[in-house]
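File shown: run_26.cif. Contents: mmCIF, C-alpha atoms.
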data_data
#
loop_
_atom_site.label_atom_id
_atom_site.label_comp_id
_atom_site.auth_asym_id
_atom_site.auth_seq_id
_atom_site.Cartn_x
_atom_site.Cartn_y
_atom_site.Cartn_z
CA MET A 214 -55.83 -76.47 -292.06
CA THR A 215 -57.12 -77.51 -288.72
CA ILE A 216 -59.17 -75.97 -285.96
CA GLU A 217 -57.83 -75.26 -282.50
CA LEU A 218 -60.69 -74.92 -280.03
CA LEU A 219 -59.53 -72.97 -276.96
CA ASP A 220 -62.65 -72.39 -274.90
CA LEU A 221 -66.34 -71.76 -274.86
CA ASP A 222 -66.16 -68.00 -275.48
CA HIS A 223 -69.76 -67.05 -274.75
CA VAL A 224 -73.42 -67.90 -275.02
CA GLY A 225 -75.41 -65.19 -276.79
CA ILE A 226 -78.89 -64.71 -275.33
CA ALA A 227 -81.58 -62.69 -277.12
CA VAL A 228 -83.61 -60.54 -274.73
CA GLU A 229 -86.67 -58.35 -275.22
CA ASP A 230 -85.58 -55.56 -272.86
CA LEU A 231 -81.82 -55.24 -272.48
CA GLU A 232 -81.80 -53.01 -269.41
CA ALA A 233 -84.32 -55.18 -267.55
CA ALA A 234 -82.35 -58.29 -268.46
CA VAL A 235 -79.06 -56.78 -267.27
CA GLU A 236 -80.69 -55.93 -263.95
CA HIS A 237 -82.17 -59.45 -263.72
CA TYR A 238 -78.80 -61.09 -264.34
CA ARG A 239 -77.15 -58.81 -261.78
CA ARG A 240 -79.68 -59.72 -259.14
CA THR A 241 -80.10 -63.43 -259.85
CA LEU A 242 -76.57 -64.52 -260.86
CA GLY A 243 -74.70 -61.90 -258.85
CA VAL A 244 -72.69 -60.76 -261.88
CA GLU A 245 -71.68 -57.25 -262.98
CA PRO A 246 -71.50 -56.11 -266.61
CA ALA A 247 -67.92 -56.42 -267.90
CA HIS A 248 -68.47 -54.83 -271.30
CA ARG A 249 -71.17 -53.05 -273.28
CA GLU A 250 -71.08 -52.33 -276.97
CA ARG A 251 -73.46 -51.23 -279.68
CA VAL A 252 -72.66 -53.03 -282.93
CA GLN A 253 -74.56 -50.91 -285.40
CA ASP A 254 -73.95 -53.03 -288.51
CA GLN A 255 -75.30 -56.10 -286.72
CA GLY A 256 -78.25 -54.16 -285.32
CA VAL A 257 -77.50 -55.19 -281.77
CA GLU A 258 -76.49 -53.82 -278.40
CA GLU A 259 -74.67 -56.35 -276.24
CA VAL A 260 -73.77 -56.57 -272.58
CA LEU A 261 -71.20 -59.12 -271.41
CA PHE A 262 -70.82 -60.67 -267.97
CA ALA A 263 -67.72 -62.68 -267.11
CA ALA A 264 -68.25 -66.29 -265.97
CA GLY A 265 -64.80 -67.73 -265.35
CA SER A 266 -62.92 -67.58 -268.65
CA SER A 267 -66.19 -67.35 -270.60
CA PHE A 268 -68.90 -64.74 -270.98
CA ILE A 269 -72.66 -64.49 -270.85
CA GLN A 270 -73.71 -62.14 -273.67
CA LEU A 271 -77.11 -60.46 -273.52
CA LEU A 272 -78.30 -59.24 -276.91
CA GLY A 273 -80.84 -56.47 -277.39
CA ALA A 274 -82.14 -55.80 -280.91
CA LEU A 275 -81.80 -52.26 -282.30
CA GLY A 276 -84.98 -52.87 -284.32
CA PRO A 277 -87.33 -55.62 -285.52
CA ASP A 278 -85.57 -56.03 -288.88
CA THR A 279 -82.25 -57.17 -287.41
CA PRO A 280 -80.95 -60.73 -286.83
CA VAL A 281 -81.79 -60.62 -283.12
CA GLY A 282 -85.10 -58.82 -283.76
CA ARG A 283 -86.15 -61.54 -286.21
CA HIS A 284 -85.02 -64.25 -283.78
CA LEU A 285 -87.17 -62.70 -281.03
CA ALA A 286 -90.20 -62.49 -283.34
CA LYS A 287 -89.82 -66.09 -284.52
CA ARG A 288 -88.59 -67.97 -281.45
CA GLY A 289 -88.99 -65.59 -278.53
CA PRO A 290 -86.25 -64.73 -276.05
CA GLY A 291 -83.60 -67.35 -275.33
CA VAL A 292 -80.27 -68.65 -276.60
CA HIS A 293 -79.38 -67.02 -279.92
CA HIS A 294 -75.93 -68.51 -280.58
CA VAL A 295 -72.98 -70.36 -279.06
CA ALA A 296 -69.48 -68.91 -279.56
CA TYR A 297 -66.28 -70.94 -279.50
CA ARG A 298 -62.91 -69.29 -278.96
CA VAL A 299 -60.40 -70.52 -281.51
CA ALA A 300 -56.73 -69.79 -282.11
CA ASP A 301 -57.24 -68.70 -285.73
CA VAL A 302 -60.64 -67.94 -287.28
CA ALA A 303 -59.32 -67.96 -290.85
CA ALA A 304 -57.79 -71.43 -290.39
CA ALA A 305 -60.96 -72.66 -288.69
CA LEU A 306 -63.11 -71.44 -291.60
CA GLU A 307 -60.84 -73.17 -294.08
CA HIS A 308 -61.09 -76.40 -292.08
CA LEU A 309 -64.90 -76.20 -291.87
CA ARG A 310 -65.18 -75.40 -295.57
CA ALA A 311 -63.06 -78.48 -296.36
CA GLU A 312 -65.39 -80.53 -294.15
CA GLY A 313 -68.36 -79.30 -296.18
CA VAL A 314 -69.91 -77.25 -293.37
CA ARG A 315 -72.17 -74.43 -294.54
CA LEU A 316 -70.78 -71.05 -293.47
CA ILE A 317 -72.44 -67.66 -293.06
CA ASP A 318 -69.18 -65.69 -293.15
CA GLN A 319 -66.65 -66.80 -295.73
CA ALA A 320 -63.88 -64.76 -294.10
CA PRO A 321 -63.18 -63.37 -290.62
CA ARG A 322 -64.60 -59.95 -289.81
CA PRO A 323 -64.23 -57.59 -286.84
CA GLY A 324 -66.39 -58.44 -283.84
CA SER A 325 -66.96 -56.64 -280.57
CA ARG A 326 -64.16 -56.42 -277.96
CA ASN A 327 -61.67 -56.01 -280.81
CA THR A 328 -62.05 -59.69 -281.76
CA LEU A 329 -62.12 -61.40 -285.13
CA ILE A 330 -65.28 -63.43 -285.69
CA ALA A 331 -67.18 -65.53 -288.20
CA PHE A 332 -70.57 -67.21 -288.07
CA VAL A 333 -71.27 -70.80 -289.12
CA HIS A 334 -74.75 -71.63 -290.45
CA PRO A 335 -76.98 -73.57 -288.01
CA GLU A 336 -77.63 -76.11 -290.77
CA GLY A 337 -73.98 -77.08 -290.56
CA MET A 338 -73.98 -77.51 -286.77
CA GLY A 339 -77.17 -79.39 -285.91
CA GLY A 340 -79.45 -76.40 -285.52
CA VAL A 341 -77.00 -74.33 -283.45
CA LEU A 342 -75.92 -70.94 -284.76
CA VAL A 343 -72.17 -71.05 -284.06
CA GLU A 344 -69.81 -68.11 -283.82
CA LEU A 345 -66.03 -68.46 -283.94
CA VAL A 346 -64.10 -65.85 -281.94
CA GLN A 347 -60.41 -65.05 -282.09
CA GLU A 348 -58.95 -62.69 -279.51
CA ARG A 349 -56.38 -60.18 -280.76
CA MET B 84 -77.48 -66.55 -249.19
CA THR B 85 -75.70 -65.53 -252.28
CA ILE B 86 -74.64 -67.10 -255.53
CA GLU B 87 -71.02 -67.57 -256.54
CA LEU B 88 -70.76 -68.03 -260.29
CA LEU B 89 -67.47 -69.76 -261.17
CA ASP B 90 -67.69 -70.51 -264.87
CA LEU B 91 -69.84 -71.41 -267.80
CA ASP B 92 -69.94 -75.17 -267.13
CA HIS B 93 -71.47 -76.37 -270.39
CA VAL B 94 -73.95 -75.81 -273.17
CA GLY B 95 -76.37 -78.73 -273.55
CA ILE B 96 -77.27 -79.41 -277.19
CA ALA B 97 -80.16 -81.70 -278.15
CA VAL B 98 -79.32 -83.91 -281.15
CA GLU B 99 -81.40 -86.36 -283.19
CA ASP B 100 -78.66 -88.96 -283.66
CA LEU B 101 -76.05 -88.97 -280.89
CA GLU B 102 -73.42 -91.08 -282.66
CA ALA B 103 -73.66 -89.05 -285.87
CA ALA B 104 -73.42 -85.82 -283.88
CA VAL B 105 -70.37 -87.04 -281.94
CA GLU B 106 -68.66 -87.87 -285.21
CA HIS B 107 -69.66 -84.49 -286.67
CA TYR B 108 -68.21 -82.59 -283.67
CA ARG B 109 -65.01 -84.65 -283.83
CA ARG B 110 -64.53 -83.83 -287.49
CA THR B 111 -65.64 -80.22 -287.52
CA LEU B 112 -64.39 -78.90 -284.16
CA GLY B 113 -61.45 -81.30 -283.80
CA VAL B 114 -62.54 -82.38 -280.31
CA GLU B 115 -62.54 -85.84 -278.72
CA PRO B 116 -65.22 -87.10 -276.32
CA ALA B 117 -64.09 -86.56 -272.72
CA HIS B 118 -67.01 -88.31 -271.01
CA ARG B 119 -70.07 -90.36 -271.90
CA GLU B 120 -72.90 -91.22 -269.55
CA ARG B 121 -76.40 -92.61 -269.74
CA VAL B 122 -78.63 -90.87 -267.19
CA GLN B 123 -81.59 -93.23 -267.11
CA ASP B 124 -83.83 -91.19 -264.80
CA GLN B 125 -83.45 -88.15 -267.09
CA GLY B 126 -83.99 -90.26 -270.21
CA VAL B 127 -80.81 -89.04 -271.81
CA GLU B 128 -77.42 -90.20 -273.02
CA GLU B 129 -74.80 -87.47 -272.98
CA VAL B 130 -71.37 -87.03 -274.50
CA LEU B 131 -69.08 -84.26 -273.27
CA PHE B 132 -66.24 -82.55 -275.12
CA ALA B 133 -63.84 -80.27 -273.26
CA ALA B 134 -63.55 -76.68 -274.51
CA GLY B 135 -61.07 -74.95 -272.22
CA SER B 136 -62.52 -75.08 -268.71
CA SER B 137 -66.04 -75.64 -270.10
CA PHE B 138 -67.78 -78.46 -271.92
CA ILE B 139 -69.93 -78.99 -274.96
CA GLN B 140 -72.63 -81.51 -274.01
CA LEU B 141 -74.44 -83.43 -276.73
CA LEU B 142 -77.75 -84.87 -275.56
CA GLY B 143 -79.44 -87.85 -277.17
CA ALA B 144 -82.98 -88.76 -276.03
CA LEU B 145 -83.59 -92.32 -274.79
CA GLY B 146 -87.16 -92.04 -276.10
CA PRO B 147 -89.75 -89.51 -277.34
CA ASP B 148 -91.38 -89.10 -273.92
CA THR B 149 -88.31 -87.65 -272.23
CA PRO B 150 -87.33 -83.98 -271.68
CA VAL B 151 -84.88 -84.02 -274.60
CA GLY B 152 -87.25 -86.09 -276.77
CA ARG B 153 -90.03 -83.55 -276.21
CA HIS B 154 -87.62 -80.67 -276.90
CA LEU B 155 -86.64 -82.29 -280.22
CA ALA B 156 -90.28 -82.81 -281.20
CA LYS B 157 -91.26 -79.24 -280.30
CA ARG B 158 -88.22 -77.14 -281.28
CA GLY B 159 -85.97 -79.44 -283.28
CA PRO B 160 -82.28 -79.99 -282.57
CA GLY B 161 -80.32 -77.15 -281.01
CA VAL B 162 -79.42 -75.65 -277.66
CA HIS B 163 -81.38 -77.32 -274.86
CA HIS B 164 -79.93 -75.60 -271.79
CA VAL B 165 -77.08 -73.48 -270.44
CA ALA B 166 -75.24 -74.67 -267.32
CA TYR B 167 -73.43 -72.38 -264.90
CA ARG B 168 -70.83 -73.76 -262.50
CA VAL B 169 -71.44 -72.44 -259.00
CA ALA B 170 -69.63 -72.92 -255.69
CA ASP B 171 -72.71 -74.18 -253.86
CA VAL B 172 -75.95 -75.25 -255.59
CA ALA B 173 -77.98 -75.26 -252.36
CA ALA B 174 -76.95 -71.67 -251.56
CA ALA B 175 -77.62 -70.64 -255.16
CA LEU B 176 -81.14 -72.12 -255.04
CA GLU B 177 -81.85 -70.32 -251.80
CA HIS B 178 -80.67 -67.04 -253.34
CA LEU B 179 -82.79 -67.53 -256.47
CA ARG B 180 -85.84 -68.48 -254.40
CA ALA B 181 -85.43 -65.29 -252.35
CA GLU B 182 -85.23 -63.33 -255.64
CA GLY B 183 -88.55 -64.87 -256.70
CA VAL B 184 -87.11 -66.92 -259.57
CA ARG B 185 -89.18 -69.96 -260.53
CA LEU B 186 -87.23 -73.17 -259.96
CA ILE B 187 -87.64 -76.66 -261.39
CA ASP B 188 -85.59 -78.38 -258.70
CA GLN B 189 -86.18 -77.18 -255.15
CA ALA B 190 -83.06 -78.93 -253.86
CA PRO B 191 -79.76 -80.12 -255.38
CA ARG B 192 -79.72 -83.61 -256.87
CA PRO B 193 -76.98 -85.82 -258.31
CA GLY B 194 -75.98 -85.04 -261.88
CA SER B 195 -73.58 -86.74 -264.26
CA ARG B 196 -69.81 -86.65 -263.61
CA ASN B 197 -70.54 -86.97 -259.88
CA THR B 198 -71.79 -83.38 -259.75
CA LEU B 199 -74.64 -81.79 -257.82
CA ILE B 200 -77.14 -80.03 -260.06
CA ALA B 201 -80.44 -78.17 -260.11
CA PHE B 202 -82.52 -76.76 -262.95
CA VAL B 203 -84.05 -73.28 -262.99
CA HIS B 204 -87.26 -72.78 -264.97
CA PRO B 205 -86.82 -70.93 -268.29
CA GLU B 206 -89.62 -68.55 -267.23
CA GLY B 207 -87.31 -67.32 -264.49
CA MET B 208 -84.34 -66.72 -266.82
CA GLY B 209 -85.75 -65.07 -269.95
CA GLY B 210 -86.58 -68.22 -271.88
CA VAL B 211 -83.29 -70.00 -271.12
CA LEU B 212 -83.42 -73.35 -269.33
CA VAL B 213 -80.61 -72.92 -266.80
CA GLU B 214 -78.77 -75.67 -264.95
CA LEU B 215 -76.60 -75.01 -261.90
CA VAL B 216 -73.65 -77.39 -261.50
CA GLN B 217 -71.46 -77.91 -258.45
CA GLU B 218 -68.35 -80.06 -258.77
CA ARG B 219 -67.60 -82.42 -255.89
#
What's the structure tokens form of this structure?
Amino acid sequence: MTIELLDLDHVGIAVEDLEAAVEHYRRTLGVEPAHRERVQDQGVEEVLFAAGSSFIQLLGALGPDTPVGRHLAKRGPGVHHVAYRVADVAAALEHLRAEGVRLIDQAPRPGSRNTLIAFVHPEGMGGVLVELVQER
Amino acid sequence: MTIELLDLDHVGIAVEDLEAAVEHYRRTLGVEPAHRERVQDQGVEEVLFAAGSSFIQLLGALGPDTPVGRHLAKRGPGVHHVAYRVADVAAALEHLRAEGVRLIDQAPRPGSRNTLIAFVHPEGMGGVLVELVQER
């Protein structure tokens, strides 16, 4: 199995106040929200802005005991993860597993925007929490 | 003045050992280096991999007393900055200044790949060090 990297899908940015951050991005970068979704099982509400063929993803925590909430408490606001768009998440996971890379998700699962996603452990990617995204 | 955001240009990732990281990205993401450049006045050697219309930028410090060296000492390896491709860096800086955003560079300066760049202070962008990139 191999990995087919198509694009930088998005950069996920943890913010303290989602509505204030959305307004700040609108004003400073001149972008308009393209998508908003509450992903209850990940404890996050996200707002996406298009930037060419990629997205900027602002992430607001639904509570302190969520992945983004813990990230904010530990590291403060800033980049939470980097997402790569791949042709096939399942094939990519198999490739990474064969390369000995530590995974968070052993199999693809549904993401926002009707995508398939999986997370790779930051230990396996030089301190960067990596998400793989497959569009359907 | 306004800002015209064209694309996510790259994600800059600080690494401890540039050659080991390049090899790791080749093996795990199946990408080949598209560009390598030593930017002496920024104290950094960078390697770029194409990901669609964007890049992954690995950053190796040329010494501990450099921006990337200090980032590694303080926060460890991981995402160093996010770069947005804009139509006109000078116009973008003027827009951000008018919006009261704290800048690092007050005027565009030459970047790698014969680009024009400017950095925006992380305080002005929710903890994210932002680079603006204009292709020439």
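The closest residue to A:Ser266, picked from B:Leu91, B:Val169, B:Leu186, B:Val162 and counting only C-alpha atoms, is B:Leu91.
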Applying 9 Å and only C-alpha atoms, which residues near A:His294 remain after dropping the ones on its own chain fewer than 6 positions away? List them as a list in words. His223, Val224, Gly225, Ile226, Ala227, Val341, Leu342, Val343 and Glu344 of chain A; Val162 of chain B
Please write the residues from the selection above to a file, keeping C-alpha atoms, as a PDB file, in the coordinates of the input.
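Result file follows (result_20.pdb):
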ATOM      1  CA  HIS A 223     -69.760 -67.050-274.750  1.00  0.00           C
ATOM      2  CA  VAL A 224     -73.420 -67.900-275.020  1.00  0.00           C
ATOM      3  CA  GLY A 225     -75.410 -65.190-276.790  1.00  0.00           C
ATOM      4  CA  ILE A 226     -78.890 -64.710-275.330  1.00  0.00           C
ATOM      5  CA  ALA A 227     -81.580 -62.690-277.120  1.00  0.00           C
ATOM      6  CA  VAL A 341     -77.000 -74.330-283.450  1.00  0.00           C
ATOM      7  CA  LEU A 342     -75.920 -70.940-284.760  1.00  0.00           C
ATOM      8  CA  VAL A 343     -72.170 -71.050-284.060  1.00  0.00           C
ATOM      9  CA  GLU A 344     -69.810 -68.110-283.820  1.00  0.00           C
TER      10      GLU A 344
ATOM     11  CA  VAL B 162     -79.420 -75.650-277.660  1.00  0.00           C
TER      12      VAL B 162
END
Which residues fall under the PyMOL selection byres ((chain B and resi 141) around 7) in this file, as a CSV table (one decimal) with C-alpha atoms, in the coordinates of the input?
chain,number,residue,atom,x,y,z
B,95,GLY,CA,-76.4,-78.7,-273.6
B,96,ILE,CA,-77.3,-79.4,-277.2
B,97,ALA,CA,-80.2,-81.7,-278.2
B,98,VAL,CA,-79.3,-83.9,-281.2
B,129,GLU,CA,-74.8,-87.5,-273.0
B,130,VAL,CA,-71.4,-87.0,-274.5
B,131,LEU,CA,-69.1,-84.3,-273.3
B,139,ILE,CA,-69.9,-79.0,-275.0
B,140,GLN,CA,-72.6,-81.5,-274.0
B,142,LEU,CA,-77.8,-84.9,-275.6
B,143,GLY,CA,-79.4,-87.8,-277.2
Would you give me, as a PDB file with C-alpha atoms, keeping the file's coordinate frame, the residues of chain B that come within 8 Å of chain A, using all atoms listed in the file?
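Output file out27.pdb follows:
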ATOM      1  CA  THR B  85     -75.700 -65.530-252.280  1.00  0.00           C
ATOM      2  CA  ILE B  86     -74.640 -67.100-255.530  1.00  0.00           C
ATOM      3  CA  GLU B  87     -71.020 -67.570-256.540  1.00  0.00           C
ATOM      4  CA  LEU B  88     -70.760 -68.030-260.290  1.00  0.00           C
ATOM      5  CA  LEU B  89     -67.470 -69.760-261.170  1.00  0.00           C
ATOM      6  CA  ASP B  90     -67.690 -70.510-264.870  1.00  0.00           C
ATOM      7  CA  LEU B  91     -69.840 -71.410-267.800  1.00  0.00           C
ATOM      8  CA  VAL B  98     -79.320 -83.910-281.150  1.00  0.00           C
ATOM      9  CA  ALA B 104     -73.420 -85.820-283.880  1.00  0.00           C
ATOM     10  CA  ARG B 110     -64.530 -83.830-287.490  1.00  0.00           C
ATOM     11  CA  THR B 111     -65.640 -80.220-287.520  1.00  0.00           C
ATOM     12  CA  LEU B 112     -64.390 -78.900-284.160  1.00  0.00           C
ATOM     13  CA  GLY B 113     -61.450 -81.300-283.800  1.00  0.00           C
ATOM     14  CA  VAL B 114     -62.540 -82.380-280.310  1.00  0.00           C
ATOM     15  CA  ALA B 134     -63.550 -76.680-274.510  1.00  0.00           C
ATOM     16  CA  GLY B 135     -61.070 -74.950-272.220  1.00  0.00           C
ATOM     17  CA  SER B 136     -62.520 -75.080-268.710  1.00  0.00           C
ATOM     18  CA  SER B 137     -66.040 -75.640-270.100  1.00  0.00           C
ATOM     19  CA  PHE B 138     -67.780 -78.460-271.920  1.00  0.00           C
ATOM     20  CA  GLY B 159     -85.970 -79.440-283.280  1.00  0.00           C
ATOM     21  CA  PRO B 160     -82.280 -79.990-282.570  1.00  0.00           C
ATOM     22  CA  GLY B 161     -80.320 -77.150-281.010  1.00  0.00           C
ATOM     23  CA  VAL B 162     -79.420 -75.650-277.660  1.00  0.00           C
ATOM     24  CA  HIS B 178     -80.670 -67.040-253.340  1.00  0.00           C
ATOM     25  CA  LEU B 179     -82.790 -67.530-256.470  1.00  0.00           C
ATOM     26  CA  GLU B 182     -85.230 -63.330-255.640  1.00  0.00           C
ATOM     27  CA  VAL B 184     -87.110 -66.920-259.570  1.00  0.00           C
ATOM     28  CA  GLY B 209     -85.750 -65.070-269.950  1.00  0.00           C
ATOM     29  CA  GLY B 210     -86.580 -68.220-271.880  1.00  0.00           C
ATOM     30  CA  VAL B 211     -83.290 -70.000-271.120  1.00  0.00           C
TER      31      VAL B 211
END
Once chain A is superposed on chain B with a least-squares fit on all C-alpha pairs taken in order, can you show it as a short mmCIF file (atom, residue, chain, number, x, y, z; two decimals) with C-alpha atoms, in the frame of the given file?
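After the write, part.cif holds the following:
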data_model
loop_
_atom_site.label_atom_id
_atom_site.label_comp_id
_atom_site.auth_asym_id
_atom_site.auth_seq_id
_atom_site.Cartn_x
_atom_site.Cartn_y
_atom_site.Cartn_z
CA MET A 214 -77.48 -66.57 -249.18
CA THR A 215 -75.69 -65.50 -252.28
CA ILE A 216 -74.63 -67.09 -255.52
CA GLU A 217 -71.02 -67.57 -256.54
CA LEU A 218 -70.77 -68.03 -260.30
CA LEU A 219 -67.48 -69.77 -261.17
CA ASP A 220 -67.69 -70.51 -264.88
CA LEU A 221 -69.84 -71.42 -267.80
CA ASP A 222 -69.94 -75.17 -267.14
CA HIS A 223 -71.46 -76.37 -270.40
CA VAL A 224 -73.96 -75.81 -273.17
CA GLY A 225 -76.36 -78.73 -273.57
CA ILE A 226 -77.27 -79.42 -277.19
CA ALA A 227 -80.16 -81.71 -278.16
CA VAL A 228 -79.33 -83.92 -281.14
CA GLU A 229 -81.40 -86.35 -283.19
CA ASP A 230 -78.65 -88.96 -283.65
CA LEU A 231 -76.05 -88.97 -280.89
CA GLU A 232 -73.44 -91.08 -282.66
CA ALA A 233 -73.65 -89.04 -285.87
CA ALA A 234 -73.42 -85.82 -283.87
CA VAL A 235 -70.37 -87.03 -281.93
CA GLU A 236 -68.66 -87.88 -285.21
CA HIS A 237 -69.65 -84.47 -286.66
CA TYR A 238 -68.22 -82.60 -283.67
CA ARG A 239 -65.02 -84.65 -283.84
CA ARG A 240 -64.53 -83.84 -287.48
CA THR A 241 -65.63 -80.20 -287.53
CA LEU A 242 -64.38 -78.88 -284.15
CA GLY A 243 -61.46 -81.27 -283.80
CA VAL A 244 -62.55 -82.37 -280.32
CA GLU A 245 -62.54 -85.83 -278.71
CA PRO A 246 -65.22 -87.09 -276.32
CA ALA A 247 -64.11 -86.56 -272.71
CA HIS A 248 -67.01 -88.31 -271.01
CA ARG A 249 -70.08 -90.37 -271.88
CA GLU A 250 -72.89 -91.22 -269.54
CA ARG A 251 -76.39 -92.60 -269.73
CA VAL A 252 -78.62 -90.87 -267.19
CA GLN A 253 -81.57 -93.22 -267.11
CA ASP A 254 -83.83 -91.18 -264.81
CA GLN A 255 -83.46 -88.16 -267.09
CA GLY A 256 -83.99 -90.26 -270.21
CA VAL A 257 -80.80 -89.04 -271.81
CA GLU A 258 -77.41 -90.20 -273.01
CA GLU A 259 -74.79 -87.46 -272.98
CA VAL A 260 -71.36 -87.03 -274.50
CA LEU A 261 -69.08 -84.25 -273.27
CA PHE A 262 -66.24 -82.55 -275.12
CA ALA A 263 -63.84 -80.27 -273.27
CA ALA A 264 -63.53 -76.67 -274.52
CA GLY A 265 -61.07 -74.95 -272.22
CA SER A 266 -62.53 -75.08 -268.71
CA SER A 267 -66.04 -75.64 -270.11
CA PHE A 268 -67.78 -78.46 -271.92
CA ILE A 269 -69.93 -78.99 -274.97
CA GLN A 270 -72.62 -81.52 -274.00
CA LEU A 271 -74.43 -83.45 -276.72
CA LEU A 272 -77.74 -84.89 -275.56
CA GLY A 273 -79.45 -87.86 -277.17
CA ALA A 274 -82.97 -88.76 -276.04
CA LEU A 275 -83.60 -92.31 -274.79
CA GLY A 276 -87.17 -92.03 -276.10
CA PRO A 277 -89.75 -89.51 -277.34
CA ASP A 278 -91.38 -89.10 -273.91
CA THR A 279 -88.29 -87.65 -272.22
CA PRO A 280 -87.32 -83.98 -271.68
CA VAL A 281 -84.88 -84.01 -274.60
CA GLY A 282 -87.25 -86.09 -276.76
CA ARG A 283 -90.04 -83.55 -276.21
CA HIS A 284 -87.64 -80.67 -276.89
CA LEU A 285 -86.64 -82.28 -280.21
CA ALA A 286 -90.29 -82.80 -281.20
CA LYS A 287 -91.27 -79.23 -280.31
CA ARG A 288 -88.24 -77.15 -281.28
CA GLY A 289 -85.98 -79.44 -283.28
CA PRO A 290 -82.29 -79.99 -282.59
CA GLY A 291 -80.32 -77.15 -281.03
CA VAL A 292 -79.41 -75.65 -277.66
CA HIS A 293 -81.38 -77.33 -274.88
CA HIS A 294 -79.93 -75.61 -271.80
CA VAL A 295 -77.08 -73.48 -270.45
CA ALA A 296 -75.25 -74.67 -267.32
CA TYR A 297 -73.42 -72.40 -264.90
CA ARG A 298 -70.83 -73.77 -262.49
CA VAL A 299 -71.43 -72.45 -259.00
CA ALA A 300 -69.62 -72.92 -255.70
CA ASP A 301 -72.72 -74.18 -253.86
CA VAL A 302 -75.95 -75.26 -255.58
CA ALA A 303 -77.98 -75.27 -252.36
CA ALA A 304 -76.95 -71.68 -251.56
CA ALA A 305 -77.62 -70.63 -255.15
CA LEU A 306 -81.13 -72.12 -255.04
CA GLU A 307 -81.86 -70.32 -251.80
CA HIS A 308 -80.67 -67.04 -253.33
CA LEU A 309 -82.79 -67.53 -256.47
CA ARG A 310 -85.83 -68.49 -254.41
CA ALA A 311 -85.41 -65.28 -252.37
CA GLU A 312 -85.23 -63.34 -255.64
CA GLY A 313 -88.54 -64.87 -256.71
CA VAL A 314 -87.09 -66.92 -259.57
CA ARG A 315 -89.17 -69.95 -260.54
CA LEU A 316 -87.22 -73.17 -259.97
CA ILE A 317 -87.64 -76.66 -261.40
CA ASP A 318 -85.59 -78.38 -258.69
CA GLN A 319 -86.19 -77.17 -255.16
CA ALA A 320 -83.07 -78.93 -253.88
CA PRO A 321 -79.78 -80.13 -255.39
CA ARG A 322 -79.73 -83.62 -256.87
CA PRO A 323 -76.97 -85.83 -258.30
CA GLY A 324 -75.97 -85.03 -261.87
CA SER A 325 -73.58 -86.74 -264.24
CA ARG A 326 -69.80 -86.65 -263.60
CA ASN A 327 -70.52 -86.98 -259.88
CA THR A 328 -71.79 -83.37 -259.74
CA LEU A 329 -74.63 -81.80 -257.81
CA ILE A 330 -77.15 -80.04 -260.05
CA ALA A 331 -80.45 -78.19 -260.11
CA PHE A 332 -82.52 -76.77 -262.94
CA VAL A 333 -84.05 -73.29 -262.99
CA HIS A 334 -87.28 -72.78 -264.97
CA PRO A 335 -86.84 -70.93 -268.30
CA GLU A 336 -89.62 -68.55 -267.23
CA GLY A 337 -87.32 -67.30 -264.50
CA MET A 338 -84.35 -66.73 -266.82
CA GLY A 339 -85.74 -65.06 -269.95
CA GLY A 340 -86.58 -68.20 -271.88
CA VAL A 341 -83.30 -70.00 -271.12
CA LEU A 342 -83.42 -73.34 -269.34
CA VAL A 343 -80.61 -72.92 -266.79
CA GLU A 344 -78.76 -75.66 -264.96
CA LEU A 345 -76.60 -75.02 -261.90
CA VAL A 346 -73.65 -77.40 -261.49
CA GLN A 347 -71.47 -77.92 -258.45
CA GLU A 348 -68.36 -80.06 -258.77
CA ARG A 349 -67.60 -82.41 -255.88
#
Residues within 7 Å of stretch 322-328 of chain A, all atoms listed in the file, excluding chain neighbours under 2 positions, as an MDAnalysis selection string: chainID A and resid 250 320 330:331 346:349
What is the atom CA of B:Ala117-atom CA of B:Glu102 distance in Å, reported with one decimal? 14.4 Å
Using the chain letters and numbers from the file, give me the residues hit by the PyMOL selection byres ((chain B and resi 187) around 8), as a ChimeraX atom specification. /B:185-186,188-189,201-204
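Near B:Gly146, within 10 Å and counting only C-alpha atoms, sit Gly126, Val127, Gly152 and Arg153 of chain B, not including residues fewer than 6 positions from it in the same chain.
Picture a line from atom CA of B:Pro191 to atom CA of B:Leu176; it runs 8.1 Å.
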Using the partial input, fill out stretch 119-123 of chain B with N, CA, C and O atoms; write the result as a PDB file, keeping the file's coordinate frame.
ATOM      1  N   ARG B 119     -68.793 -89.904-271.362  1.00  0.00           N
ATOM      2  CA  ARG B 119     -70.070 -90.360-271.900  1.00  0.00           C
ATOM      3  C   ARG B 119     -70.842 -90.988-270.744  1.00  0.00           C
ATOM      4  O   ARG B 119     -70.273 -91.725-269.942  1.00  0.00           O
ATOM      5  N   GLU B 120     -72.119 -90.669-270.664  1.00  0.00           N
ATOM      6  CA  GLU B 120     -72.900 -91.220-269.550  1.00  0.00           C
ATOM      7  C   GLU B 120     -74.363 -91.321-269.943  1.00  0.00           C
ATOM      8  O   GLU B 120     -74.898 -90.433-270.611  1.00  0.00           O
ATOM      9  N   ARG B 121     -74.976 -92.444-269.540  1.00  0.00           N
ATOM     10  CA  ARG B 121     -76.400 -92.610-269.740  1.00  0.00           C
ATOM     11  C   ARG B 121     -77.083 -92.295-268.415  1.00  0.00           C
ATOM     12  O   ARG B 121     -76.784 -92.931-267.404  1.00  0.00           O
ATOM     13  N   VAL B 122     -77.936 -91.267-268.415  1.00  0.00           N
ATOM     14  CA  VAL B 122     -78.630 -90.870-267.190  1.00  0.00           C
ATOM     15  C   VAL B 122     -80.071 -91.326-267.341  1.00  0.00           C
ATOM     16  O   VAL B 122     -80.921 -90.636-267.898  1.00  0.00           O
ATOM     17  N   GLN B 123     -80.318 -92.552-266.847  1.00  0.00           N
ATOM     18  CA  GLN B 123     -81.590 -93.230-267.110  1.00  0.00           C
ATOM     19  C   GLN B 123     -82.780 -92.418-266.592  1.00  0.00           C
ATOM     20  O   GLN B 123     -83.773 -92.275-267.298  1.00  0.00           O
TER      21      GLN B 123
END
